[in-house]
Amino acid sequence: MSEFWTGLSVRERWLIGVGGALAILVGGWLGVVRPLADAREDAINTWRRTGDDLTIVEDAAARARAAALDPGARAARQPSRAGLRAAATGAARAAGLGISRLQPEDETAVRVWVDDAPAENVYAWLVAAERDHGLSVREASISSRRGDGNVAVEVTLSIGGA
């Protein structure tokens with residue numbers, strides 16, 4: 001290798017040196033700086049989406065608290081055991097949700113699955129189920145889907161506080 005290098009003219013050595021330096025700079029840019037910048041941008045976008053989701057949840061929680069402050073009206077709206085399924089599906093339909101599965105838990109509760117729905121519609125459904133039909137959320141699992149604002153939901157609704 002040293003024979004090769006010594007056999008080159010000064011101009012050729014400079015050309016190889018500058019080319020090598022440029023290759024190192026471009027490699028560093030493409031291999032280090034650019035991936036770090038992309039990762040930072042992804043983290044910022046995720047943080048913003050999380051903030052938007054938090055706002056949706058806080059708004060829904062505020063509406064649910066406001067609906068819960070009216071106990072007299074809620075007691076008047078409580079469904080019968082026979083109307084539990086109808087109340088759950090009616091509230092979901094009114095919120096624009098398609099129930100993928102519905103399973104009675106006992107005489108006072110029903111488990112409902114929604115596979116893919118906008119988070120705002122899900123929260124509106126849960127608030128309306130409590131406010132308009134006297135149902136309570138006994139248990140819920142809400143999972144984010146694909147980062148597009150849609151969620152998958154498994155929730156147990158019960159009559160009153162049962």
# chains A, B, ... in the order shown; residues from 1 in each chain; ligands from 1
>>> residues_around(residues="Thr89 of chain A", least_positions_apart="6", cutoff="9 Å", atoms="only C-alpha atoms", output="list in words")
Leu97, Gly98, Ile99, Leu102 and Val112 of chain A
>>> closest_residue(among="A:Arg49, A:Ala62, A:Glu130, A:Ala88", to="Arg146 of chain A", atoms="only C-alpha atoms")
A:Arg49
>>> select_by_dssp(residues="segment 82-146 of chain A", states="strand (DSSP E)", output="PDB file with N, CA and C atoms, in the first residue's frame")
ATOM      1  N   ARG A 101     -68.757  -6.832  18.722  1.00  0.00           N
ATOM      2  CA  ARG A 101     -69.153  -7.965  19.555  1.00  0.00           C
ATOM      3  C   ARG A 101     -69.819  -7.447  20.809  1.00  0.00           C
ATOM      4  N   LEU A 102     -70.855  -8.161  21.268  1.00  0.00           N
ATOM      5  CA  LEU A 102     -71.568  -7.785  22.478  1.00  0.00           C
ATOM      6  C   LEU A 102     -71.862  -9.067  23.255  1.00  0.00           C
ATOM      7  N   GLN A 103     -71.513  -9.077  24.537  1.00  0.00           N
ATOM      8  CA  GLN A 103     -71.677 -10.289  25.339  1.00  0.00           C
ATOM      9  C   GLN A 103     -72.235  -9.916  26.707  1.00  0.00           C
ATOM     10  N   PRO A 104     -73.386 -10.497  27.093  1.00  0.00           N
ATOM     11  CA  PRO A 104     -73.914 -10.234  28.439  1.00  0.00           C
ATOM     12  C   PRO A 104     -72.962 -10.796  29.493  1.00  0.00           C
ATOM     13  N   GLU A 105     -72.699 -10.022  30.520  1.00  0.00           N
ATOM     14  CA  GLU A 105     -71.833 -10.455  31.614  1.00  0.00           C
ATOM     15  C   GLU A 105     -72.680 -11.129  32.699  1.00  0.00           C
ATOM     16  N   ASP A 106     -73.701 -10.450  33.147  1.00  0.00           N
ATOM     17  CA  ASP A 106     -74.655 -10.963  34.120  1.00  0.00           C
ATOM     18  C   ASP A 106     -75.950 -10.195  33.881  1.00  0.00           C
ATOM     19  N   ALA A 109     -74.984  -6.269  33.560  1.00  0.00           N
ATOM     20  CA  ALA A 109     -73.833  -5.749  32.808  1.00  0.00           C
ATOM     21  C   ALA A 109     -73.723  -6.429  31.447  1.00  0.00           C
ATOM     22  N   VAL A 110     -73.089  -5.710  30.523  1.00  0.00           N
ATOM     23  CA  VAL A 110     -72.837  -6.226  29.186  1.00  0.00           C
ATOM     24  C   VAL A 110     -71.440  -5.773  28.767  1.00  0.00           C
ATOM     25  N   ARG A 111     -70.698  -6.676  28.114  1.00  0.00           N
ATOM     26  CA  ARG A 111     -69.355  -6.358  27.614  1.00  0.00           C
ATOM     27  C   ARG A 111     -69.479  -6.061  26.129  1.00  0.00           C
ATOM     28  N   VAL A 112     -68.849  -4.956  25.706  1.00  0.00           N
ATOM     29  CA  VAL A 112     -68.969  -4.489  24.325  1.00  0.00           C
ATOM     30  C   VAL A 112     -67.573  -4.304  23.738  1.00  0.00           C
ATOM     31  N   TRP A 113     -67.386  -4.729  22.482  1.00  0.00           N
ATOM     32  CA  TRP A 113     -66.138  -4.548  21.754  1.00  0.00           C
ATOM     33  C   TRP A 113     -66.388  -3.677  20.534  1.00  0.00           C
ATOM     34  N   VAL A 114     -65.542  -2.698  20.340  1.00  0.00           N
ATOM     35  CA  VAL A 114     -65.519  -1.880  19.124  1.00  0.00           C
ATOM     36  C   VAL A 114     -64.093  -1.968  18.605  1.00  0.00           C
ATOM     37  N   ASP A 115     -63.928  -2.476  17.376  1.00  0.00           N
ATOM     38  CA  ASP A 115     -62.581  -2.761  16.873  1.00  0.00           C
ATOM     39  C   ASP A 115     -61.818  -1.545  16.375  1.00  0.00           C
ATOM     40  N   ASP A 116     -62.477  -0.623  15.694  1.00  0.00           N
ATOM     41  CA  ASP A 116     -61.754   0.498  15.095  1.00  0.00           C
ATOM     42  C   ASP A 116     -62.699   1.685  14.978  1.00  0.00           C
ATOM     43  N   ALA A 117     -62.473   2.697  15.811  1.00  0.00           N
ATOM     44  CA  ALA A 117     -63.370   3.857  15.817  1.00  0.00           C
ATOM     45  C   ALA A 117     -62.602   5.096  16.252  1.00  0.00           C
ATOM     46  N   PRO A 118     -63.048   6.277  15.804  1.00  0.00           N
ATOM     47  CA  PRO A 118     -62.408   7.507  16.261  1.00  0.00           C
ATOM     48  C   PRO A 118     -62.555   7.656  17.781  1.00  0.00           C
ATOM     49  N   LEU A 135     -76.184   4.172  32.257  1.00  0.00           N
ATOM     50  CA  LEU A 135     -75.209   3.088  32.322  1.00  0.00           C
ATOM     51  C   LEU A 135     -73.901   3.602  32.913  1.00  0.00           C
ATOM     52  N   SER A 136     -73.187   2.726  33.600  1.00  0.00           N
ATOM     53  CA  SER A 136     -71.878   3.079  34.150  1.00  0.00           C
ATOM     54  C   SER A 136     -70.822   2.198  33.515  1.00  0.00           C
ATOM     55  N   VAL A 137     -69.628   2.758  33.379  1.00  0.00           N
ATOM     56  CA  VAL A 137     -68.500   1.976  32.882  1.00  0.00           C
ATOM     57  C   VAL A 137     -67.909   1.238  34.078  1.00  0.00           C
ATOM     58  N   ARG A 138     -68.016  -0.068  34.059  1.00  0.00           N
ATOM     59  CA  ARG A 138     -67.471  -0.891  35.139  1.00  0.00           C
ATOM     60  C   ARG A 138     -65.992  -1.165  34.888  1.00  0.00           C
ATOM     61  N   GLU A 139     -65.659  -1.422  33.636  1.00  0.00           N
ATOM     62  CA  GLU A 139     -64.294  -1.779  33.271  1.00  0.00           C
ATOM     63  C   GLU A 139     -64.096  -1.376  31.811  1.00  0.00           C
ATOM     64  N   ALA A 140     -62.901  -0.855  31.480  1.00  0.00           N
ATOM     65  CA  ALA A 140     -62.657  -0.442  30.094  1.00  0.00           C
ATOM     66  C   ALA A 140     -61.191  -0.649  29.731  1.00  0.00           C
ATOM     67  N   SER A 141     -60.987  -0.999  28.479  1.00  0.00           N
ATOM     68  CA  SER A 141     -59.647  -1.097  27.907  1.00  0.00           C
ATOM     69  C   SER A 141     -59.698  -0.411  26.551  1.00  0.00           C
ATOM     70  N   ILE A 142     -58.923   0.658  26.404  1.00  0.00           N
ATOM     71  CA  ILE A 142     -58.916   1.439  25.164  1.00  0.00           C
ATOM     72  C   ILE A 142     -57.491   1.462  24.640  1.00  0.00           C
ATOM     73  N   SER A 143     -57.306   0.978  23.405  1.00  0.00           N
ATOM     74  CA  SER A 143     -55.969   0.875  22.808  1.00  0.00           C
ATOM     75  C   SER A 143     -55.903   1.716  21.541  1.00  0.00           C
ATOM     76  N   SER A 144     -54.810   2.435  21.395  1.00  0.00           N
ATOM     77  CA  SER A 144     -54.596   3.252  20.204  1.00  0.00           C
ATOM     78  C   SER A 144     -54.347   2.362  18.998  1.00  0.00           C
ATOM     79  N   ARG A 145     -54.823   2.801  17.826  1.00  0.00           N
ATOM     80  CA  ARG A 145     -54.657   2.050  16.588  1.00  0.00           C
ATOM     81  C   ARG A 145     -53.922   2.897  15.562  1.00  0.00           C
TER      82      ARG A 145
END
>>> select_by_dssp(residues="chain A", states="helix (DSSP H, G or I)", output="VMD selection string")
chain A and resid 2 to 6 10 to 68 71 to 76 84 to 94 119 to 133
>>> residues_around(residues="Tyr123 of chain A", least_positions_apart="3", cutoff="12 Å", atoms="only C-alpha atoms", output="PyMOL selection string")
chain A and resi 53+55-64+91-92+95-97+117-120+126-130+137+140+142+150-153+155
>>> decode(residues="segment 126-142 of chain A", atoms="all heavy atoms", output="PDB file, in the first residue's frame")
ATOM      1  N   LEU A 126     -69.495   6.791  25.487  1.00  0.00           N
ATOM      2  CA  LEU A 126     -69.470   6.455  26.913  1.00  0.00           C
ATOM      3  C   LEU A 126     -70.162   7.528  27.754  1.00  0.00           C
ATOM      4  O   LEU A 126     -70.887   7.214  28.699  1.00  0.00           O
ATOM      5  CB  LEU A 126     -68.029   6.231  27.373  1.00  0.00           C
ATOM      6  CG  LEU A 126     -67.322   5.033  26.722  1.00  0.00           C
ATOM      7  CD1 LEU A 126     -65.873   4.978  27.153  1.00  0.00           C
ATOM      8  CD2 LEU A 126     -68.045   3.738  27.029  1.00  0.00           C
ATOM      9  N   VAL A 127     -69.967   8.778  27.386  1.00  0.00           N
ATOM     10  CA  VAL A 127     -70.643   9.867  28.104  1.00  0.00           C
ATOM     11  C   VAL A 127     -72.150   9.778  27.895  1.00  0.00           C
ATOM     12  O   VAL A 127     -72.937   9.893  28.833  1.00  0.00           O
ATOM     13  CB  VAL A 127     -70.093  11.243  27.651  1.00  0.00           C
ATOM     14  CG1 VAL A 127     -70.969  12.370  28.160  1.00  0.00           C
ATOM     15  CG2 VAL A 127     -68.669  11.421  28.138  1.00  0.00           C
ATOM     16  N   ALA A 128     -72.586   9.552  26.645  1.00  0.00           N
ATOM     17  CA  ALA A 128     -74.021   9.460  26.343  1.00  0.00           C
ATOM     18  C   ALA A 128     -74.650   8.246  27.017  1.00  0.00           C
ATOM     19  O   ALA A 128     -75.793   8.313  27.491  1.00  0.00           O
ATOM     20  CB  ALA A 128     -74.236   9.400  24.837  1.00  0.00           C
ATOM     21  N   ALA A 129     -73.918   7.136  27.086  1.00  0.00           N
ATOM     22  CA  ALA A 129     -74.455   5.938  27.743  1.00  0.00           C
ATOM     23  C   ALA A 129     -74.743   6.230  29.212  1.00  0.00           C
ATOM     24  O   ALA A 129     -75.754   5.790  29.763  1.00  0.00           O
ATOM     25  CB  ALA A 129     -73.481   4.771  27.613  1.00  0.00           C
ATOM     26  N   GLU A 130     -73.872   6.992  29.839  1.00  0.00           N
ATOM     27  CA  GLU A 130     -74.083   7.336  31.246  1.00  0.00           C
ATOM     28  C   GLU A 130     -75.148   8.416  31.397  1.00  0.00           C
ATOM     29  O   GLU A 130     -76.060   8.290  32.213  1.00  0.00           O
ATOM     30  CB  GLU A 130     -72.773   7.804  31.872  1.00  0.00           C
ATOM     31  CG  GLU A 130     -72.910   8.074  33.358  1.00  0.00           C
ATOM     32  CD  GLU A 130     -71.580   8.264  34.043  1.00  0.00           C
ATOM     33  OE1 GLU A 130     -70.539   8.051  33.422  1.00  0.00           O
ATOM     34  OE2 GLU A 130     -71.606   8.649  35.226  1.00  0.00           O
ATOM     35  N   ARG A 131     -75.036   9.460  30.598  1.00  0.00           N
ATOM     36  CA  ARG A 131     -75.942  10.600  30.724  1.00  0.00           C
ATOM     37  C   ARG A 131     -77.362  10.261  30.301  1.00  0.00           C
ATOM     38  O   ARG A 131     -78.316  10.561  31.014  1.00  0.00           O
ATOM     39  CB  ARG A 131     -75.406  11.762  29.884  1.00  0.00           C
ATOM     40  CG  ARG A 131     -76.249  13.019  29.975  1.00  0.00           C
ATOM     41  CD  ARG A 131     -75.797  14.075  28.986  1.00  0.00           C
ATOM     42  NE  ARG A 131     -75.950  13.537  27.632  1.00  0.00           N
ATOM     43  CZ  ARG A 131     -75.027  13.616  26.683  1.00  0.00           C
ATOM     44  NH1 ARG A 131     -73.888  14.213  26.925  1.00  0.00           N
ATOM     45  NH2 ARG A 131     -75.241  13.106  25.486  1.00  0.00           N
ATOM     46  N   ASP A 132     -77.526   9.625  29.148  1.00  0.00           N
ATOM     47  CA  ASP A 132     -78.853   9.423  28.578  1.00  0.00           C
ATOM     48  C   ASP A 132     -79.496   8.100  28.967  1.00  0.00           C
ATOM     49  O   ASP A 132     -80.718   7.971  28.937  1.00  0.00           O
ATOM     50  CB  ASP A 132     -78.786   9.500  27.052  1.00  0.00           C
ATOM     51  CG  ASP A 132     -78.255  10.843  26.569  1.00  0.00           C
ATOM     52  OD1 ASP A 132     -78.351  11.823  27.330  1.00  0.00           O
ATOM     53  OD2 ASP A 132     -77.749  10.903  25.430  1.00  0.00           O
ATOM     54  N   HIS A 133     -78.683   7.092  29.302  1.00  0.00           N
ATOM     55  CA  HIS A 133     -79.233   5.763  29.542  1.00  0.00           C
ATOM     56  C   HIS A 133     -78.961   5.235  30.946  1.00  0.00           C
ATOM     57  O   HIS A 133     -79.380   4.126  31.278  1.00  0.00           O
ATOM     58  CB  HIS A 133     -78.677   4.773  28.507  1.00  0.00           C
ATOM     59  CG  HIS A 133     -78.979   5.173  27.099  1.00  0.00           C
ATOM     60  ND1 HIS A 133     -80.226   5.042  26.539  1.00  0.00           N
ATOM     61  CD2 HIS A 133     -78.198   5.738  26.135  1.00  0.00           C
ATOM     62  CE1 HIS A 133     -80.208   5.482  25.290  1.00  0.00           C
ATOM     63  NE2 HIS A 133     -78.979   5.918  25.032  1.00  0.00           N
ATOM     64  N   GLY A 134     -78.231   5.982  31.759  1.00  0.00           N
ATOM     65  CA  GLY A 134     -77.976   5.566  33.131  1.00  0.00           C
ATOM     66  C   GLY A 134     -77.009   4.404  33.268  1.00  0.00           C
ATOM     67  O   GLY A 134     -77.002   3.730  34.293  1.00  0.00           O
ATOM     68  N   LEU A 135     -76.184   4.172  32.257  1.00  0.00           N
ATOM     69  CA  LEU A 135     -75.209   3.088  32.322  1.00  0.00           C
ATOM     70  C   LEU A 135     -73.901   3.602  32.913  1.00  0.00           C
ATOM     71  O   LEU A 135     -73.554   4.758  32.731  1.00  0.00           O
ATOM     72  CB  LEU A 135     -74.947   2.526  30.921  1.00  0.00           C
ATOM     73  CG  LEU A 135     -76.154   1.952  30.180  1.00  0.00           C
ATOM     74  CD1 LEU A 135     -75.749   1.507  28.788  1.00  0.00           C
ATOM     75  CD2 LEU A 135     -76.759   0.807  30.956  1.00  0.00           C
ATOM     76  N   SER A 136     -73.187   2.726  33.600  1.00  0.00           N
ATOM     77  CA  SER A 136     -71.878   3.079  34.150  1.00  0.00           C
ATOM     78  C   SER A 136     -70.822   2.198  33.515  1.00  0.00           C
ATOM     79  O   SER A 136     -71.077   1.039  33.189  1.00  0.00           O
ATOM     80  CB  SER A 136     -71.848   2.839  35.657  1.00  0.00           C
ATOM     81  OG  SER A 136     -72.726   3.711  36.314  1.00  0.00           O
ATOM     82  N   VAL A 137     -69.628   2.758  33.379  1.00  0.00           N
ATOM     83  CA  VAL A 137     -68.500   1.976  32.882  1.00  0.00           C
ATOM     84  C   VAL A 137     -67.909   1.238  34.078  1.00  0.00           C
ATOM     85  O   VAL A 137     -67.386   1.852  34.996  1.00  0.00           O
ATOM     86  CB  VAL A 137     -67.441   2.881  32.217  1.00  0.00           C
ATOM     87  CG1 VAL A 137     -66.233   2.059  31.808  1.00  0.00           C
ATOM     88  CG2 VAL A 137     -68.035   3.596  31.026  1.00  0.00           C
ATOM     89  N   ARG A 138     -68.016  -0.068  34.059  1.00  0.00           N
ATOM     90  CA  ARG A 138     -67.471  -0.891  35.139  1.00  0.00           C
ATOM     91  C   ARG A 138     -65.992  -1.165  34.888  1.00  0.00           C
ATOM     92  O   ARG A 138     -65.185  -1.167  35.800  1.00  0.00           O
ATOM     93  CB  ARG A 138     -68.233  -2.203  35.230  1.00  0.00           C
ATOM     94  CG  ARG A 138     -67.738  -3.100  36.356  1.00  0.00           C
ATOM     95  CD  ARG A 138     -68.315  -4.492  36.318  1.00  0.00           C
ATOM     96  NE  ARG A 138     -69.756  -4.501  36.597  1.00  0.00           N
ATOM     97  CZ  ARG A 138     -70.493  -5.598  36.521  1.00  0.00           C
ATOM     98  NH1 ARG A 138     -69.954  -6.743  36.155  1.00  0.00           N
ATOM     99  NH2 ARG A 138     -71.775  -5.547  36.786  1.00  0.00           N
ATOM    100  N   GLU A 139     -65.659  -1.422  33.636  1.00  0.00           N
ATOM    101  CA  GLU A 139     -64.294  -1.779  33.271  1.00  0.00           C
ATOM    102  C   GLU A 139     -64.096  -1.376  31.811  1.00  0.00           C
ATOM    103  O   GLU A 139     -64.994  -1.521  30.997  1.00  0.00           O
ATOM    104  CB  GLU A 139     -64.142  -3.295  33.419  1.00  0.00           C
ATOM    105  CG  GLU A 139     -62.768  -3.841  33.236  1.00  0.00           C
ATOM    106  CD  GLU A 139     -62.775  -5.355  33.440  1.00  0.00           C
ATOM    107  OE1 GLU A 139     -63.590  -5.869  34.222  1.00  0.00           O
ATOM    108  OE2 GLU A 139     -61.946  -6.000  32.779  1.00  0.00           O
ATOM    109  N   ALA A 140     -62.901  -0.855  31.480  1.00  0.00           N
ATOM    110  CA  ALA A 140     -62.657  -0.442  30.094  1.00  0.00           C
ATOM    111  C   ALA A 140     -61.191  -0.649  29.731  1.00  0.00           C
ATOM    112  O   ALA A 140     -60.310  -0.493  30.559  1.00  0.00           O
ATOM    113  CB  ALA A 140     -63.027   1.023  29.897  1.00  0.00           C
ATOM    114  N   SER A 141     -60.987  -0.999  28.479  1.00  0.00           N
ATOM    115  CA  SER A 141     -59.647  -1.097  27.907  1.00  0.00           C
ATOM    116  C   SER A 141     -59.698  -0.411  26.551  1.00  0.00           C
ATOM    117  O   SER A 141     -60.435  -0.840  25.663  1.00  0.00           O
ATOM    118  CB  SER A 141     -59.245  -2.568  27.748  1.00  0.00           C
ATOM    119  OG  SER A 141     -58.032  -2.645  27.031  1.00  0.00           O
ATOM    120  N   ILE A 142     -58.923   0.658  26.404  1.00  0.00           N
ATOM    121  CA  ILE A 142     -58.916   1.439  25.164  1.00  0.00           C
ATOM    122  C   ILE A 142     -57.491   1.462  24.640  1.00  0.00           C
ATOM    123  O   ILE A 142     -56.578   1.895  25.329  1.00  0.00           O
ATOM    124  CB  ILE A 142     -59.440   2.869  25.404  1.00  0.00           C
ATOM    125  CG1 ILE A 142     -60.862   2.812  25.962  1.00  0.00           C
ATOM    126  CG2 ILE A 142     -59.393   3.675  24.119  1.00  0.00           C
ATOM    127  CD1 ILE A 142     -61.432   4.147  26.373  1.00  0.00           C
TER     128      ILE A 142
END
